[in-house]
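Student: One structure is given below, represented as structure tokens, and several questions about it will come after.
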Amino acid sequence: QVQLVESGGGLVQAGGSLRLSCAASGLTFSSVMGWFRQAPGKEREFVAAISRWSGGSAGYADSVKGRFTISRDNAKNTVYLQMNTLKPEDTAVYYCAADRRGRGMGGSTWWVYSGEYDSWGQGTQVTVSA
């Protein structure tokens, strides 16, 4: 059974930093991993994704480019999201997601669509105060 467990959320002031972690179990960790977020009253949106290999390709939403960094440690089956220079508009529940079909990130930007992922964590709340 696939399980993704996020941690690291919390309350931080604008300009601060947080590091989210997503521990994966029950799946072959040769999956593209993504982070999405959902603010109250809004649809879930793409934040970042990383390819199957540590140090491989990564993609970001324009709204977080230059501030957030996604990384993974395949030895620990864990994906991270380092969030710097946080803004109040970053407030949301952050979800980790996995695509178990073993696809790469090249050729198209399928990895920005939440419907392309088949495993999800329960989410972790991030609140940024002004």
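Letters for chains follow the order of the structure tokens (A, B, ...), residue numbers begin at 1 for each chain, and ligand numbers begin at 1 in the order shown.
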Skipping near chain neighbours, those fewer than 5 positions away, what residues fall within 10 Å of region 108-125 of chain A using only C-alpha atoms, listed as a count of residues only?
Tutor: 48
Student: Based on DSSP run over this structure's backbone, return all residues of chain A in strand (DSSP E or B), as an MDAnalysis selection string.
Tutor: chainID A and resid 3:7 10:13 18:25 32:38 45:50 58:60 68:73 78:83 92:99 119:120 124:129
Student: Do a neighbour search on Thr85 (chain A) at 7 Å with only C-alpha atoms, toss out local chain neighbours closer than 5 positions, and write the hits as number ranges by chain.
Tutor: A: 14-17, 67
Student: Could you take the residues named above and write them with N, CA and C atoms, as a PDB file, in the first residue's frame?
Tutor:
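File again_4.pdb, as written:
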ATOM      1  N   ALA A  14       5.954  36.432   7.175  1.00  0.00           N
ATOM      2  CA  ALA A  14       6.366  36.743   5.808  1.00  0.00           C
ATOM      3  C   ALA A  14       7.878  36.984   5.759  1.00  0.00           C
ATOM      4  N   GLY A  15       8.496  36.440   4.727  1.00  0.00           N
ATOM      5  CA  GLY A  15       9.945  36.537   4.594  1.00  0.00           C
ATOM      6  C   GLY A  15      10.693  35.373   5.202  1.00  0.00           C
ATOM      7  N   GLY A  16       9.985  34.557   5.975  1.00  0.00           N
ATOM      8  CA  GLY A  16      10.605  33.409   6.623  1.00  0.00           C
ATOM      9  C   GLY A  16      10.703  32.203   5.712  1.00  0.00           C
ATOM     10  N   SER A  17      11.153  31.096   6.303  1.00  0.00           N
ATOM     11  CA  SER A  17      11.383  29.862   5.548  1.00  0.00           C
ATOM     12  C   SER A  17      10.777  28.672   6.270  1.00  0.00           C
ATOM     13  N   ARG A  67      12.149  31.017  -5.293  1.00  0.00           N
ATOM     14  CA  ARG A  67      11.947  31.035  -3.831  1.00  0.00           C
ATOM     15  C   ARG A  67      11.881  29.627  -3.254  1.00  0.00           C
TER      16      ARG A  67
END
Student: Suppose you want the space between CA of Val79 (chain A) and CA of Ser57 (chain A); what is it in Å?
Tutor: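 Distance reported for this atom pair: 13.5 Å.
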Student: Show me, as a list in words, the residues that have an atom within 9 Å of Ser71 (chain A) when counting only C-alpha atoms, minus same-chain residues fewer than 4 positions from it.
Tutor: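 Near Ser71 (chain A), the qualifying residues are Ala49, Ile50, Ser54, Gly55, Gly56, Ala58, Thr78, Val79, Tyr80, Leu81 and Gln82 of chain A.
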Student: Write out as a VMD selection string which residues come within 8 Å of Asp90 (chain A) when counting only C-alpha atoms, dropping same-chain ones fewer than 6 positions away.
Tutor: chain A and resid 126 to 128
Student: Take the residues from that selection and put them in a file with C-alpha atoms, as a PDB file, in the first residue's frame.
Tutor:
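Okay, result11.pdb is ready:
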ATOM      1  CA  VAL A 126       1.443  26.258   5.874  1.00  0.00           C
ATOM      2  CA  THR A 127       0.352  29.638   7.189  1.00  0.00           C
ATOM      3  CA  VAL A 128       2.294  32.800   6.429  1.00  0.00           C
TER       4      VAL A 128
END
Student: Grab the CA of Lys42 (chain A) to CA of Glu89 (chain A) distance for me, in Å with one decimal place.
Tutor: 11.8 Å
Student: Please compute the CA of Ala130 (chain A)-CA of Pro40 (chain A) distance, one decimal, in Å.
Tutor: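 Pair CA of Ala130 (chain A) / CA of Pro40 (chain A) returns 17.1 Å.
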